[in-house]
file data11.txt (compact mmCIF, C-alpha atoms and all ligand atoms)
# COMPACT_ATOMS: atom_id res chain seq x y z
CA MET A 13 -19.78 -44.09 21.05
CA ASP A 14 -18.45 -40.54 21.41
CA SER A 15 -19.52 -38.15 18.71
CA TYR A 16 -17.83 -34.95 17.63
CA ASP A 17 -18.65 -31.91 15.54
CA LEU A 18 -15.27 -32.26 13.85
CA VAL A 19 -12.45 -34.77 13.91
CA ILE A 20 -9.04 -33.80 12.56
CA ARG A 21 -7.81 -37.18 11.47
CA GLY A 22 -4.44 -38.67 10.58
CA GLY A 23 -2.25 -35.65 11.22
CA THR A 24 0.89 -35.16 13.27
CA CYS A 25 -0.14 -33.13 16.23
CA ALA A 26 1.86 -30.75 18.48
CA THR A 27 0.51 -31.38 21.97
CA PRO A 28 2.18 -30.74 25.33
CA ASN A 29 3.42 -34.37 25.11
CA GLY A 30 5.43 -33.66 21.99
CA ILE A 31 4.89 -33.89 18.26
CA ALA A 32 3.34 -37.22 17.30
CA PRO A 33 0.52 -38.77 15.26
CA ALA A 34 -2.89 -38.09 16.87
CA ASP A 35 -6.47 -37.40 15.92
CA VAL A 36 -8.28 -34.49 17.58
CA GLY A 37 -11.98 -34.56 18.44
CA ILE A 38 -13.82 -31.25 18.69
CA LYS A 39 -17.20 -30.45 20.15
CA TYR A 40 -18.82 -27.06 20.81
CA GLY A 41 -15.65 -25.30 19.60
CA ARG A 42 -13.42 -26.98 22.16
CA ILE A 43 -10.94 -29.83 22.07
CA GLN A 44 -12.74 -32.86 23.49
CA ALA A 45 -10.33 -35.74 22.85
CA ILE A 46 -6.83 -36.37 21.56
CA GLY A 47 -5.74 -39.84 20.41
CA PRO A 48 -6.85 -42.49 17.97
CA LEU A 49 -10.39 -41.51 16.94
CA GLY A 50 -10.63 -43.56 13.74
CA HIS A 51 -13.99 -45.05 14.64
CA ALA A 52 -15.56 -42.06 16.37
CA LYS A 53 -18.74 -40.52 14.99
CA ALA A 54 -18.03 -37.12 13.47
CA ALA A 55 -20.30 -34.60 11.77
CA ALA A 56 -17.26 -33.49 9.78
CA VAL A 57 -13.79 -34.90 9.20
CA PHE A 58 -10.66 -32.98 8.30
CA GLU A 59 -8.21 -35.35 6.62
CA ALA A 60 -4.79 -34.26 7.89
CA LYS A 61 -2.65 -37.10 6.57
CA GLY A 62 0.81 -35.75 5.76
CA LEU A 63 0.06 -32.51 7.60
CA HIS A 64 1.09 -31.07 10.98
CA VAL A 65 -1.63 -29.82 13.30
CA LEU A 66 -0.26 -26.97 15.44
CA PRO A 67 -1.87 -24.80 18.11
CA GLY A 68 -3.45 -21.74 16.47
CA VAL A 69 -0.81 -19.08 15.82
CA ILE A 70 -1.33 -15.94 17.89
CA ASP A 71 0.24 -12.78 16.43
CA SER A 72 0.70 -10.52 19.45
CA GLN A 73 1.66 -7.41 17.46
CA VAL A 74 -0.34 -6.11 14.50
CA HIS A 75 -1.41 -2.64 13.33
CA PHE A 76 -4.74 -2.80 11.49
CA ARG A 77 -5.16 1.01 11.04
CA GLU A 78 -8.90 1.27 11.80
CA PRO A 79 -10.13 3.83 12.62
CA GLY A 80 -8.41 6.61 10.73
CA ASN A 81 -6.22 5.04 8.07
CA GLU A 82 -8.47 2.52 6.38
CA HIS A 83 -6.76 3.17 3.05
CA LYS A 84 -3.78 1.21 4.48
CA GLU A 85 -5.76 -1.55 6.22
CA ASP A 86 -8.92 -2.19 8.20
CA LEU A 87 -10.02 -4.77 10.72
CA GLU A 88 -11.65 -6.89 8.01
CA SER A 89 -8.75 -6.87 5.53
CA GLY A 90 -6.08 -7.24 8.22
CA SER A 91 -7.80 -10.21 9.81
CA ARG A 92 -8.40 -11.78 6.38
CA ALA A 93 -4.66 -11.52 5.75
CA ALA A 94 -4.13 -13.13 9.18
CA VAL A 95 -6.24 -16.23 8.55
CA LEU A 96 -4.91 -16.64 4.99
CA GLY A 97 -1.49 -16.76 6.61
CA GLY A 98 -2.53 -19.31 9.26
CA VAL A 99 -3.03 -16.88 12.18
CA THR A 100 -5.98 -17.55 14.50
CA ALA A 101 -5.77 -14.54 16.86
CA VAL A 102 -4.17 -11.09 16.96
CA PHE A 103 -3.36 -8.33 19.44
CA GLU A 104 -3.99 -5.04 17.66
CA MET A 105 -1.96 -1.91 18.41
CA PRO A 106 -3.32 1.45 19.64
CA ASN A 107 -1.63 3.92 17.24
CA THR A 108 -4.74 4.36 15.14
CA HIS A 109 -6.37 7.71 14.48
CA PRO A 110 -7.75 8.55 16.96
CA PRO A 111 -5.44 6.46 19.14
CA THR A 112 -6.94 3.83 21.44
CA THR A 113 -6.49 5.72 24.70
CA SER A 114 -9.97 5.77 26.25
CA ARG A 115 -12.88 3.54 27.06
CA ALA A 116 -14.83 5.03 24.16
CA ALA A 117 -12.02 4.19 21.74
CA ILE A 118 -11.87 0.57 22.99
CA ASP A 119 -15.67 0.25 22.73
CA ASP A 120 -15.47 1.65 19.23
CA LYS A 121 -12.83 -0.88 18.12
CA LEU A 122 -14.79 -3.77 19.67
CA ALA A 123 -17.96 -2.62 17.88
CA ARG A 124 -16.10 -2.35 14.56
CA ALA A 125 -14.52 -5.80 15.04
CA ALA A 126 -17.81 -7.64 15.70
CA ASN A 127 -18.94 -9.63 12.64
CA ARG A 128 -16.10 -8.19 10.55
CA MET A 129 -12.94 -9.78 11.93
CA HIS A 130 -12.08 -13.25 10.65
CA CYS A 131 -9.79 -14.22 13.55
CA ASP A 132 -10.07 -13.72 17.30
CA TYR A 133 -8.69 -10.47 18.64
CA ALA A 134 -7.75 -8.23 21.54
CA PHE A 135 -6.84 -4.54 21.53
CA TYR A 136 -4.04 -2.67 23.25
CA VAL A 137 -4.68 0.57 25.12
CA GLY A 138 -2.10 3.29 24.37
CA ALA A 139 -0.44 5.11 27.27
CA THR A 140 -0.23 8.92 27.14
CA PRO A 141 0.74 11.53 29.74
CA ALA A 142 -2.97 12.43 29.88
CA ASN A 143 -4.40 8.96 30.54
CA VAL A 144 -1.83 7.44 32.96
CA GLY A 145 -4.29 7.86 35.81
CA ALA A 146 -6.92 5.83 33.96
CA LEU A 147 -4.72 2.96 32.75
CA SER A 148 -5.45 0.65 35.68
CA LEU A 149 -9.14 0.74 34.69
CA LEU A 150 -8.59 0.72 30.94
CA GLU A 151 -6.24 -2.29 31.03
CA ARG A 152 -9.00 -4.37 32.64
CA LEU A 153 -11.73 -3.73 30.07
CA PRO A 154 -13.06 -6.75 28.17
CA GLY A 155 -11.21 -7.39 24.91
CA VAL A 156 -8.08 -5.57 26.11
CA CYS A 157 -4.73 -7.39 26.14
CA GLY A 158 -2.86 -4.70 28.07
CA VAL A 159 -1.22 -1.29 27.80
CA LYS A 160 1.31 -0.32 25.13
CA ALA A 161 3.69 2.61 25.62
CA PHE A 162 5.73 4.16 22.80
CA LEU A 163 8.87 5.34 24.64
CA GLY A 164 10.12 6.80 21.36
CA SER A 165 7.86 8.19 18.67
CA SER A 166 7.06 6.12 15.62
CA THR A 167 3.97 6.01 13.37
CA GLY A 168 1.13 8.09 14.88
CA THR A 169 1.02 10.47 17.83
CA LEU A 170 1.45 8.18 20.83
CA LEU A 171 4.44 8.97 23.04
CA LEU A 172 5.39 8.48 26.68
CA ASP A 173 8.97 9.68 26.95
CA HIS A 174 9.43 11.54 30.25
CA GLU A 175 10.74 9.47 33.11
CA ASP A 176 8.00 10.60 35.52
CA ALA A 177 5.27 9.68 33.06
CA ILE A 178 6.81 6.27 32.30
CA LEU A 179 7.09 5.55 36.02
CA ALA A 180 3.49 6.68 36.57
CA ALA A 181 2.31 4.31 33.83
CA LEU A 182 4.37 1.47 35.34
CA LYS A 183 2.92 2.13 38.79
CA GLY A 184 -0.60 2.65 37.48
CA GLY A 185 -1.54 -0.92 36.64
CA THR A 186 -0.71 -4.57 37.16
CA ARG A 187 -0.87 -6.40 33.84
CA ARG A 188 2.25 -6.85 31.70
CA LEU A 189 3.08 -3.50 30.06
CA ALA A 190 4.29 -3.63 26.45
CA VAL A 191 6.85 -1.09 25.27
CA HIS A 192 8.29 0.18 22.02
CA SER A 193 11.77 0.83 23.31
CA GLU A 194 13.69 3.63 21.60
CA ASP A 195 14.94 6.72 23.44
CA GLU A 196 13.00 9.78 22.26
CA ALA A 197 15.61 12.38 23.31
CA ARG A 198 18.31 10.59 21.35
CA LEU A 199 16.04 10.15 18.32
CA ARG A 200 15.41 13.93 18.33
CA GLU A 201 19.11 14.77 18.72
CA ARG A 202 20.06 12.54 15.81
CA ARG A 203 17.18 13.30 13.44
CA ASN A 204 19.54 15.22 11.11
CA LEU A 205 21.48 11.99 10.49
CA ALA A 206 18.56 10.68 8.43
CA ALA A 207 19.95 11.71 5.04
CA ARG A 208 17.38 12.76 2.46
CA GLY A 209 16.93 10.10 -0.17
CA ASP A 210 19.14 7.58 1.64
CA VAL A 211 17.19 5.03 3.67
CA ARG A 212 20.44 3.27 4.58
CA THR A 213 20.82 6.02 7.18
CA HIS A 214 17.64 4.90 8.99
CA PRO A 215 19.57 2.63 11.42
CA VAL A 216 22.19 5.38 11.78
CA TRP A 217 19.59 7.89 12.95
CA ARG A 218 17.69 5.35 15.09
CA ASP A 219 20.88 3.72 16.29
CA VAL A 220 21.76 0.87 18.63
CA GLU A 221 22.30 3.25 21.53
CA ALA A 222 18.76 4.68 21.17
CA ALA A 223 17.40 1.16 21.71
CA ARG A 224 19.93 0.14 24.37
CA ALA A 225 19.55 3.28 26.50
CA SER A 226 15.77 3.11 26.36
CA THR A 227 15.66 -0.57 27.31
CA GLU A 228 18.11 0.02 30.16
CA ARG A 229 15.97 2.87 31.49
CA VAL A 230 12.62 1.13 31.20
CA LEU A 231 13.98 -2.02 32.90
CA ARG A 232 15.30 0.15 35.76
CA LEU A 233 11.93 1.91 36.10
CA ALA A 234 9.98 -1.36 35.89
CA ARG A 235 12.10 -2.83 38.66
CA LYS A 236 11.46 0.24 40.79
CA ALA A 237 7.73 -0.06 40.16
CA GLY A 238 7.70 -3.88 40.47
CA ARG A 239 5.86 -4.11 37.15
CA ARG A 240 6.10 -6.78 34.47
CA LEU A 241 7.23 -5.64 31.02
CA HIS A 242 7.03 -6.97 27.49
CA VAL A 243 9.75 -5.46 25.31
CA LEU A 244 8.46 -5.47 21.74
CA HIS A 245 10.61 -5.99 18.63
CA VAL A 246 14.04 -6.12 20.24
CA THR A 247 16.64 -5.49 17.52
CA THR A 248 20.12 -5.08 19.02
CA ALA A 249 22.80 -7.39 20.42
CA GLU A 250 23.40 -4.72 23.08
CA GLU A 251 19.95 -5.03 24.67
CA LEU A 252 20.20 -8.79 25.12
CA PRO A 253 22.47 -8.90 28.22
CA LEU A 254 20.19 -6.31 29.89
CA LEU A 255 17.17 -8.48 29.17
CA MET A 256 19.02 -11.57 30.34
CA ASP A 257 19.44 -9.89 33.72
CA ALA A 258 15.72 -9.17 33.91
CA ARG A 259 14.11 -12.54 33.26
CA ASP A 260 11.98 -12.19 36.39
CA LEU A 261 10.52 -8.96 35.06
CA ALA A 262 10.63 -8.76 31.30
CA THR A 263 9.60 -10.87 28.32
CA VAL A 264 11.11 -10.36 24.88
CA GLU A 265 9.68 -10.20 21.38
CA THR A 266 11.45 -10.17 18.05
CA THR A 267 10.04 -10.27 14.53
CA PRO A 268 10.43 -12.48 11.43
CA GLN A 269 11.84 -9.52 9.50
CA HIS A 270 14.59 -8.86 12.08
CA LEU A 271 15.47 -12.57 11.93
CA THR A 272 15.40 -12.75 8.13
CA LEU A 273 16.55 -9.43 6.66
CA ALA A 274 19.74 -7.46 7.40
CA ALA A 275 21.35 -4.12 6.56
CA PRO A 276 22.65 -2.89 4.22
CA ASP A 277 21.32 -5.55 1.83
CA CYS A 278 17.65 -5.00 2.73
CA TYR A 279 17.87 -1.24 2.06
CA GLU A 280 19.71 -1.77 -1.23
CA ARG A 281 17.16 -4.33 -2.39
CA LEU A 282 13.94 -2.95 -0.96
CA GLY A 283 14.65 0.76 -0.37
CA THR A 284 12.13 2.37 1.95
CA TYR A 285 9.98 -0.78 1.90
CA ALA A 286 12.54 -2.08 4.43
CA GLN A 287 12.16 1.00 6.65
CA MET A 288 10.68 0.24 10.05
CA ASN A 289 11.11 1.15 13.71
CA PRO A 290 13.20 -0.06 15.39
CA PRO A 291 15.21 -0.56 12.21
CA ILE A 292 16.53 -3.67 10.50
CA ARG A 293 20.24 -3.71 11.42
CA GLU A 294 23.52 -5.38 10.40
CA PRO A 295 23.93 -9.18 10.27
CA HIS A 296 25.66 -9.45 13.65
CA HIS A 297 22.49 -8.18 15.36
CA ARG A 298 20.45 -10.74 13.44
CA ASP A 299 22.89 -13.47 14.54
CA ALA A 300 22.58 -12.32 18.15
CA LEU A 301 18.77 -12.46 17.90
CA TRP A 302 18.96 -16.02 16.56
CA LYS A 303 21.22 -16.98 19.46
CA ALA A 304 18.68 -15.40 21.82
CA VAL A 305 15.91 -17.41 20.15
CA ARG A 306 17.89 -20.64 20.52
CA GLU A 307 18.80 -19.95 24.14
CA GLY A 308 15.27 -19.04 25.18
CA LEU A 309 15.81 -15.32 25.79
CA VAL A 310 13.33 -14.44 23.06
CA ASP A 311 9.89 -15.44 24.31
CA VAL A 312 7.63 -14.49 21.45
CA ILE A 313 7.75 -13.74 17.74
CA GLY A 314 5.17 -11.19 16.58
CA SER A 315 4.91 -9.85 13.04
CA ASP A 316 4.61 -6.12 13.82
CA HIS A 317 2.33 -6.08 10.77
CA ALA A 318 2.46 -2.36 9.87
CA PRO A 319 1.06 -1.80 6.37
CA HIS A 320 1.56 1.47 4.48
CA ALA A 321 0.36 2.30 0.97
CA ARG A 322 2.87 2.04 -1.86
CA ALA A 323 2.44 5.74 -2.68
CA GLU A 324 3.46 6.61 0.89
CA LYS A 325 6.45 4.25 0.82
CA GLU A 326 7.57 5.69 -2.52
CA LYS A 327 8.02 9.23 -1.23
CA ILE A 328 11.56 10.40 -0.55
CA TYR A 329 13.18 9.16 2.68
CA PRO A 330 12.68 10.31 5.47
CA ASP A 331 9.22 11.55 4.40
CA THR A 332 8.33 7.85 4.09
CA PRO A 333 6.44 6.03 6.86
CA SER A 334 8.09 3.23 8.84
CA GLY A 335 6.62 -0.24 8.87
CA MET A 336 5.97 -3.29 6.73
CA PRO A 337 3.17 -5.86 6.57
CA GLY A 338 3.81 -9.32 8.04
CA VAL A 339 0.74 -11.02 9.51
CA GLN A 340 0.19 -13.14 6.38
CA THR A 341 3.85 -14.16 5.95
CA LEU A 342 4.69 -14.85 9.63
CA VAL A 343 3.95 -18.58 9.51
CA THR A 344 5.57 -19.46 6.19
CA VAL A 345 8.67 -17.34 6.80
CA LEU A 346 9.22 -18.99 10.19
CA LEU A 347 8.47 -22.49 8.86
CA ASP A 348 11.12 -21.86 6.23
CA HIS A 349 13.56 -21.21 9.10
CA VAL A 350 12.36 -24.52 10.59
CA HIS A 351 13.08 -26.20 7.24
CA ALA A 352 16.56 -24.62 7.17
CA GLY A 353 17.28 -26.02 10.64
CA ARG A 354 17.45 -22.66 12.42
CA LEU A 355 14.36 -23.35 14.52
CA THR A 356 12.73 -26.54 15.76
CA LEU A 357 9.02 -27.06 15.22
CA GLU A 358 8.59 -27.29 19.02
CA ARG A 359 10.22 -23.86 19.36
CA PHE A 360 8.02 -22.47 16.57
CA VAL A 361 4.94 -23.59 18.50
CA ASP A 362 6.12 -21.96 21.70
CA LEU A 363 7.23 -18.70 20.05
CA THR A 364 4.04 -18.24 18.03
CA SER A 365 1.33 -19.60 20.28
CA THR A 366 2.01 -21.09 23.70
CA ALA A 367 4.25 -18.25 24.90
CA ALA A 368 1.75 -15.51 24.04
CA SER A 369 -0.88 -17.40 25.98
CA ARG A 370 1.48 -17.94 28.95
CA ILE A 371 2.81 -14.38 29.04
CA PHE A 372 -0.45 -12.54 28.57
CA GLY A 373 -2.67 -15.11 30.26
CA ILE A 374 -4.99 -15.79 27.33
CA ALA A 375 -7.82 -17.97 28.61
CA GLY A 376 -8.15 -21.36 26.89
CA LYS A 377 -5.79 -20.88 23.97
CA GLY A 378 -2.18 -21.61 23.00
CA ARG A 379 -2.02 -25.38 23.28
CA ILE A 380 -3.67 -28.47 21.91
CA ALA A 381 -5.12 -29.89 25.11
CA VAL A 382 -8.58 -31.03 26.14
CA GLY A 383 -10.86 -28.21 27.21
CA TYR A 384 -8.91 -25.63 25.20
CA ASP A 385 -10.42 -23.73 22.27
CA ALA A 386 -10.17 -25.74 19.05
CA ASP A 387 -7.80 -23.30 17.31
CA PHE A 388 -5.37 -24.87 14.84
CA THR A 389 -2.85 -23.81 12.28
CA VAL A 390 -2.60 -26.82 9.98
CA VAL A 391 0.61 -26.77 7.97
CA ASP A 392 2.31 -28.71 5.20
CA LEU A 393 6.00 -28.69 6.12
CA ASN A 394 6.99 -29.90 2.64
CA ALA A 395 5.00 -27.45 0.52
CA ARG A 396 7.33 -25.14 -1.35
CA ARG A 397 6.01 -21.95 -2.91
CA ARG A 398 7.03 -18.44 -3.76
CA ILE A 399 5.68 -15.57 -1.65
CA GLU A 400 4.21 -13.04 -4.05
CA ASN A 401 2.70 -9.58 -3.72
CA ALA A 402 -0.38 -10.88 -5.59
CA TRP A 403 -1.12 -13.24 -2.66
CA ILE A 404 -1.18 -10.45 -0.08
CA ALA A 405 -4.73 -9.72 1.15
CA SER A 406 -3.64 -6.69 3.11
CA LYS A 407 -4.82 -3.43 1.53
CA CYS A 408 -1.22 -2.38 0.99
CA ALA A 409 -0.84 -5.35 -1.44
CA TRP A 410 2.92 -5.77 -1.00
CA THR A 411 5.31 -7.74 1.18
CA PRO A 412 9.03 -7.32 1.81
CA PHE A 413 9.30 -11.08 1.16
CA ASP A 414 7.97 -10.89 -2.43
CA GLY A 415 9.89 -13.38 -4.57
CA MET A 416 11.18 -15.46 -1.66
CA GLU A 417 10.66 -19.21 -1.95
CA THR A 418 9.69 -20.79 1.33
CA THR A 419 9.23 -24.38 2.44
CA GLY A 420 6.40 -24.89 4.92
CA TRP A 421 2.96 -23.35 4.32
CA PRO A 422 -0.30 -23.06 6.25
CA VAL A 423 -3.03 -25.10 4.57
CA ALA A 424 -5.89 -24.49 7.00
CA THR A 425 -6.85 -22.06 9.76
CA ILE A 426 -9.37 -23.48 12.22
CA ILE A 427 -10.82 -21.23 14.93
CA ARG A 428 -13.01 -22.63 17.72
CA GLY A 429 -13.70 -25.69 15.60
CA GLN A 430 -14.66 -23.82 12.48
CA THR A 431 -12.49 -24.01 9.37
CA ILE A 432 -11.99 -20.41 8.23
CA MET A 433 -9.27 -20.89 5.61
CA ARG A 434 -8.65 -24.03 3.56
CA ASP A 435 -6.00 -24.34 0.84
CA GLY A 436 -5.64 -20.59 0.53
CA THR A 437 -9.37 -19.85 0.29
CA MET A 438 -11.66 -18.24 2.86
CA VAL A 439 -14.43 -20.74 3.57
CA ALA A 440 -16.51 -19.14 6.34
CA ALA A 441 -18.10 -15.83 7.22
CA ALA A 442 -16.29 -13.49 9.65
CA SER A 443 -16.86 -14.82 13.15
CA GLY A 444 -13.87 -13.61 15.22
CA ARG A 445 -14.45 -12.99 18.90
CA PRO A 446 -12.64 -11.02 21.59
CA LEU A 447 -9.98 -12.98 23.46
CA ARG A 448 -10.47 -13.57 27.19
CA PHE A 449 -7.67 -13.18 29.70
CA VAL A 450 -7.22 -14.98 33.00
CA GLU A 451 -6.43 -11.76 34.86
CA THR A 452 -9.68 -10.11 33.82
CA LEU A 453 -12.10 -13.01 33.49
CA SER A 454 -14.61 -11.32 35.75
CA SER A 455 -14.91 -8.42 33.31
CA THR A 456 -15.79 -10.68 30.35
O1 LIG B 1 7.89 0.55 11.87
C1 LIG B 1 6.95 0.71 12.63
N1 LIG B 1 5.69 0.90 12.16
N2 LIG B 1 7.17 0.74 13.94
C2 LIG B 1 6.22 1.12 14.81
O2 LIG B 1 6.51 1.24 15.97
C3 LIG B 1 4.87 1.48 14.34
C4 LIG B 1 4.58 0.86 13.04
C5 LIG B 1 3.38 1.50 12.37
O3 LIG B 1 2.33 1.59 13.01
O4 LIG B 1 3.49 1.88 11.21

call {"tool": "encode", "arguments": {"input": "data11.txt", "output": "structure tokens", "more": "lines below"}}
Ligand code: DOR
result
Amino acid sequence: MDSYDLVIRGGTCATPNGIAPADVGIKYGRIQAIGPLGHAKAAAVFEAKGLHVLPGVIDSQVHFREPGNEHKEDLESGSRAAVLGGVTAVFEMPNTHPPTTSRAAIDDKLARAANRMHCDYAFYVGATPANVGALSLLERLPGVCGVKAFLGSSTGTLLLDHEDAILAALKGGTRRLAVHSEDEARLRERRNLAARGDVRTHPVWRDVEAARASTERVLRLARKAGRRLHVLHVTTAEELPLLMDARDLATVETTPQHLTLAAPDCYERLGTYAQMNPPIREPHHRDALWKAVREGLVDVIGSDHAPHARAEKEKIYPDTPSGMPGVQTLVTVLLDHVHAGRLTLERFVDLTSTAASRIFGIAGKGRIAVGYDADFTVVDLNARRRIENAWIASKCAWTPFDGMETTGWPVATIIRGQTIMRDGTMVAAASGRPLRFVETLSST
């Protein structure tokens, strides 16, 4: 008889065949069998009756602040928040201090992550005018998911705004290049429109045209260079037709907060806690993003987890930093949209796991299939609870969703066959590992 290290028994499982009852047998951290395994020998059994067993959620945009701003977050606390929220792997952003722009900085992050991160991880390399010549080497280092370019400045010092430099970055590499798309020249011109003490002017300063013009330009340059793009946190209705005309070239991300919150309500309710870049905008942009999700134009949902301390957020706008945490609330906020009928569970699985794997070529993750890593986000679609600041493990200890009741909660986070979170409690020591990518397997 077959024997397994772990059998997840009695759950409803999201496999490439659809969502249906199935047991999953796991051995050596990989999925070994899918089907009725009621009589199989198992060293451990996870009773999943009444639960849904989904491919491990991959959050492909988080800022964990280490090194340099560990008072906001660090790799340990950020990844603890991730697994408490049902996330099994993250891509971490390069706008740390110092920024992740060199081999030494990547090595440093990998050394800090070892034995401290609770989920699996990869790091982005930041593009700067000074390192464009080195990007083709840097993007292929082990543990690296790709290059990120800030086309408009946001938190931190990273910026790549001149056309020549953007084109050089696009030509200097082959993996999918991720961009923060806001036009720096326009942001500078309009800076005076950010009215002191009035965060409602944030989307006036960083307006629709700043996003549209930047996305138009970077798509044009990417086409010229023949380079694949990933446009992070798209926020405007106006960018969507441009992206629709570039499906061969560009993939699209949006965030739970841009799908859930809207101006002016979010600014009136949350003040500068709702301030982020690119901004939360009026309801018609949110509606357009939902349409883009339904029609398949949005490929991926990432949280853009960007924690800042309360004391920083409580300064006077625009001295306040942009960004909000989200890695811990990503799953429940999106499952609540599933519950409300705005998203199917199949679409949730693709947007939060399979698509990241497909787009970035993550080796052995993103689906429940034999031979794949045994990463699971186990959820209770009927659990109803209130999101509360007290639950947030992130060092910032707040969430823009405080007080919101959601239906659909993660109940376990399983990574490579090991249960890391169960019923809201951490149950294993930190054992996250670097992700591997099909385009750079030889370097891992
Ligand atoms: O709001 C944001 N915060 N947008 C970004 O692009 C960066 C992020 C951060 O790191 O705080």

call {"tool": "residues_near_ligand", "arguments": {"input": "data11.txt", "ligand": "ligand LIG 1 (chain B)", "cutoff": "8 Å", "atoms": "all atoms listed in the file", "output": "list in words"}}
result
His75, Arg77, Met105, Asn107, Thr108, Phe162, Ser165, Ser166, Thr167, Gly168, His192, Gln287, Met288, Asn289, Pro290, Pro291, Asp316, His317, Ala318, Pro319, His320, Pro333, Ser334, Gly335 and Met336 of chain A

call {"tool": "atom_distance", "arguments": {"input": "data11.txt", "atom1": "CA of Arg434 (chain A)", "atom2": "CA of His270 (chain A)"}}
result
29.0 Å

call {"tool": "residues_around", "arguments": {"input": "data11.txt", "residues": "region 356-372 of chain A", "least_positions_apart": "3", "cutoff": "7 Å", "atoms": "all atoms listed in the file", "output": "PyMOL selection string"}}
result
chain A and resi 66-72+311-313+350+353+377-379

call {"tool": "atom_distance", "arguments": {"input": "data11.txt", "atom1": "CA of Arg21 (chain A)", "atom2": "CA of Met438 (chain A)"}}
result
21.2 Å

call {"tool": "closest_residue", "arguments": {"input": "data11.txt", "among": "A:Arg398, A:His242, A:His296, A:Arg115", "to": "Trp421 (chain A)", "atoms": "all atoms listed in the file"}}
result
A:Arg398

call {"tool": "closest_residue", "arguments": {"input": "data11.txt", "among": "A:Arg152, A:Lys183, A:Arg281, A:Arg42", "to": "Val211 (chain A)", "atoms": "only C-alpha atoms"}}
result
A:Arg281

call {"tool": "decode", "arguments": {"input": "data11.txt", "residues": "region 115-126 of chain A", "atoms": "N, CA, C and O atoms", "output": "short mmCIF file (atom, residue, chain, number, x, y, z; two decimals), in the first residue's frame"}}
result
data_model
loop_
_atom_site.label_atom_id
_atom_site.label_comp_id
_atom_site.auth_asym_id
_atom_site.auth_seq_id
_atom_site.Cartn_x
_atom_site.Cartn_y
_atom_site.Cartn_z
N ARG A 115 24.46 42.73 -6.55
CA ARG A 115 24.59 41.34 -6.11
C ARG A 115 24.75 41.26 -4.59
O ARG A 115 24.16 40.40 -3.94
N ALA A 116 25.51 42.19 -4.04
CA ALA A 116 25.73 42.17 -2.58
C ALA A 116 24.41 42.37 -1.84
O ALA A 116 24.16 41.72 -0.82
N ALA A 117 23.56 43.23 -2.38
CA ALA A 117 22.27 43.50 -1.71
C ALA A 117 21.35 42.27 -1.79
O ALA A 117 20.63 41.96 -0.84
N ILE A 118 21.38 41.58 -2.94
CA ILE A 118 20.59 40.34 -3.06
C ILE A 118 21.12 39.28 -2.10
O ILE A 118 20.35 38.63 -1.38
N ASP A 119 22.44 39.10 -2.09
CA ASP A 119 23.04 38.12 -1.17
C ASP A 119 22.66 38.43 0.27
O ASP A 119 22.36 37.53 1.06
N ASP A 120 22.68 39.71 0.59
CA ASP A 120 22.34 40.14 1.95
C ASP A 120 20.90 39.77 2.29
O ASP A 120 20.62 39.22 3.36
N LYS A 121 19.96 40.04 1.36
CA LYS A 121 18.55 39.70 1.64
C LYS A 121 18.38 38.19 1.78
O LYS A 121 17.66 37.73 2.67
N LEU A 122 19.05 37.43 0.91
CA LEU A 122 18.92 35.96 0.99
C LEU A 122 19.48 35.45 2.32
O LEU A 122 18.89 34.55 2.94
N ALA A 123 20.58 36.03 2.77
CA ALA A 123 21.18 35.61 4.05
C ALA A 123 20.24 35.96 5.20
O ALA A 123 20.05 35.17 6.14
N ARG A 124 19.62 37.14 5.15
CA ARG A 124 18.69 37.54 6.21
C ARG A 124 17.43 36.67 6.23
O ARG A 124 16.84 36.44 7.27
N ALA A 125 17.01 36.22 5.02
CA ALA A 125 15.76 35.45 4.92
C ALA A 125 15.92 34.04 5.47
O ALA A 125 14.97 33.48 6.04
N ALA A 126 17.12 33.46 5.31
CA ALA A 126 17.34 32.06 5.69
C ALA A 126 17.03 31.85 7.17
O ALA A 126 17.51 32.61 8.03
#
